[in-house]
$ cat structure26.pdb   # PDB, C-alpha atoms, pLDDT in the B column
ATOM      1  CA  MET A  21     249.744  58.925 170.668  1.00 96.00           C
ATOM      2  CA  ASP A  22     246.090  59.800 171.077  1.00 95.00           C
ATOM      3  CA  VAL A  23     244.508  61.254 174.207  1.00 94.00           C
ATOM      4  CA  ARG A  24     243.543  57.869 175.656  1.00 96.00           C
ATOM      5  CA  GLU A  25     247.087  56.535 175.238  1.00 97.00           C
ATOM      6  CA  GLY A  26     248.519  59.760 176.662  1.00 96.00           C
ATOM      7  CA  ALA A  27     246.255  59.597 179.701  1.00 97.00           C
ATOM      8  CA  ASN A  28     247.162  55.968 180.267  1.00 97.00           C
ATOM      9  CA  TYR A  29     250.871  56.757 179.937  1.00 97.00           C
ATOM     10  CA  LEU A  30     250.606  59.590 182.479  1.00 96.00           C
ATOM     11  CA  GLY A  31     248.295  57.645 184.797  1.00 96.00           C
ATOM     12  CA  VAL A  32     245.473  60.172 184.647  1.00 97.00           C
ATOM     13  CA  SER A  33     241.941  60.193 183.251  1.00 97.00           C
ATOM     14  CA  VAL A  34     241.161  61.347 179.725  1.00 95.00           C
ATOM     15  CA  SER A  35     238.974  64.167 181.046  1.00 94.00           C
ATOM     16  CA  TRP A  36     241.757  65.345 183.393  1.00 96.00           C
ATOM     17  CA  LEU A  37     244.179  65.437 180.486  1.00 94.00           C
ATOM     18  CA  TYR A  38     241.791  67.454 178.286  1.00 90.00           C
ATOM     19  CA  GLN A  39     241.139  69.922 181.121  1.00 91.00           C
ATOM     20  CA  ASN A  40     244.723  70.396 182.304  1.00 94.00           C
ATOM     21  CA  ALA A  41     247.123  69.825 179.406  1.00 92.00           C
ATOM     22  CA  ALA A  42     247.379  73.459 178.317  1.00 88.00           C
ATOM     23  CA  ARG A  43     247.381  74.845 181.865  1.00 93.00           C
ATOM     24  CA  LEU A  44     250.212  72.550 182.960  1.00 94.00           C
ATOM     25  CA  GLY A  45     252.307  73.011 179.833  1.00 94.00           C
ATOM     26  CA  ILE A  46     251.934  69.454 178.559  1.00 95.00           C
ATOM     27  CA  PRO A  47     252.994  69.543 174.875  1.00 94.00           C
ATOM     28  CA  VAL A  48     249.882  69.005 172.751  1.00 94.00           C
ATOM     29  CA  TYR A  49     249.266  68.774 169.013  1.00 94.00           C
ATOM     30  CA  ARG A  50     245.726  69.916 168.262  1.00 91.00           C
ATOM     31  CA  PHE A  51     243.888  68.857 165.104  1.00 92.00           C
ATOM     32  CA  GLY A  52     240.696  70.767 164.453  1.00 91.00           C
ATOM     33  CA  VAL A  53     239.049  73.622 166.321  1.00 89.00           C
ATOM     34  CA  GLY A  54     236.730  74.036 169.268  1.00 84.00           C
ATOM     35  CA  SER A  55     235.250  71.160 171.205  1.00 79.00           C
ATOM     36  CA  ASN A  56     235.663  68.807 168.225  1.00 85.00           C
ATOM     37  CA  ALA A  57     239.447  69.190 168.195  1.00 85.00           C
ATOM     38  CA  LYS A  58     241.476  66.027 168.587  1.00 89.00           C
ATOM     39  CA  ILE A  59     244.688  66.159 170.556  1.00 91.00           C
ATOM     40  CA  ARG A  60     247.806  64.061 170.154  1.00 96.00           C
ATOM     41  CA  PHE A  61     251.043  63.711 172.077  1.00 97.00           C
ATOM     42  CA  ARG A  62     254.596  62.596 171.410  1.00 97.00           C
ATOM     43  CA  ARG A  63     255.892  60.091 173.916  1.00 97.00           C
ATOM     44  CA  SER A  64     259.336  61.717 173.965  1.00 97.00           C
ATOM     45  CA  GLU A  65     257.813  65.105 174.844  1.00 97.00           C
ATOM     46  CA  LEU A  66     255.698  63.570 177.601  1.00 97.00           C
ATOM     47  CA  GLU A  67     258.827  61.958 179.035  1.00 96.00           C
ATOM     48  CA  VAL A  68     260.582  65.345 179.109  1.00 96.00           C
ATOM     49  CA  TRP A  69     257.531  66.942 180.750  1.00 95.00           C
ATOM     50  CA  ILE A  70     257.423  64.195 183.400  1.00 95.00           C
ATOM     51  CA  LYS A  71     261.096  64.753 184.240  1.00 94.00           C
ATOM     52  CA  GLN A  72     260.436  68.479 184.641  1.00 93.00           C
ATOM     53  CA  GLN A  73     257.755  67.730 187.257  1.00 92.00           C
ATOM     54  CA  ARG A  74     260.244  66.165 189.652  1.00 90.00           C
ATOM     55  CA  VAL A  75     260.142  67.752 193.085  1.00 89.00           C
ATOM     56  CA  GLU A  76     263.423  68.096 194.935  1.00 83.00           C
ATOM     57  CA  SER A  77     263.251  67.205 198.619  1.00 76.00           C
TER      58      SER A  77
END
$ encode --input "structure26.pdb" --output "structure tokens"
Amino acid sequence: MDVREGANYLGVSVSWLYQNAARLGIPVYRFGVGSNAKIRFRRSELEVWIKQQRVES
């Protein structure tokens, strides 16, 4: 999925996703270099990442 679909799936803004994906360990596929790079995501990998973010009470 593209960055807009990924942001929508995660419930965050596109800019937040661009800024925080690498820092938070969200699996990203980057096409291109520098600021012109396009990023893509796999839904299954986002689902795994979401499950890893669960906080135990």
$ resolve_selection --input "structure26.pdb" --expression "the PyMOL selection byres ((chain A and resi 41) around 12)" --output "PyMOL selection string"
chain A and resi 23+26-27+30+32-40+42-50+59-61+66+69
$ atom_distance --input "structure26.pdb" --atom1 "atom CA of A:Gln72" --atom2 "atom CA of A:Gly31"
16.3 Å
$ atom_distance --input "structure26.pdb" --atom1 "atom CA of A:Val53" --atom2 "atom CA of A:Glu25"
20.9 Å
$ atom_distance --input "structure26.pdb" --atom1 "atom CA of A:Asp22" --atom2 "atom CA of A:Ala57"
11.9 Å
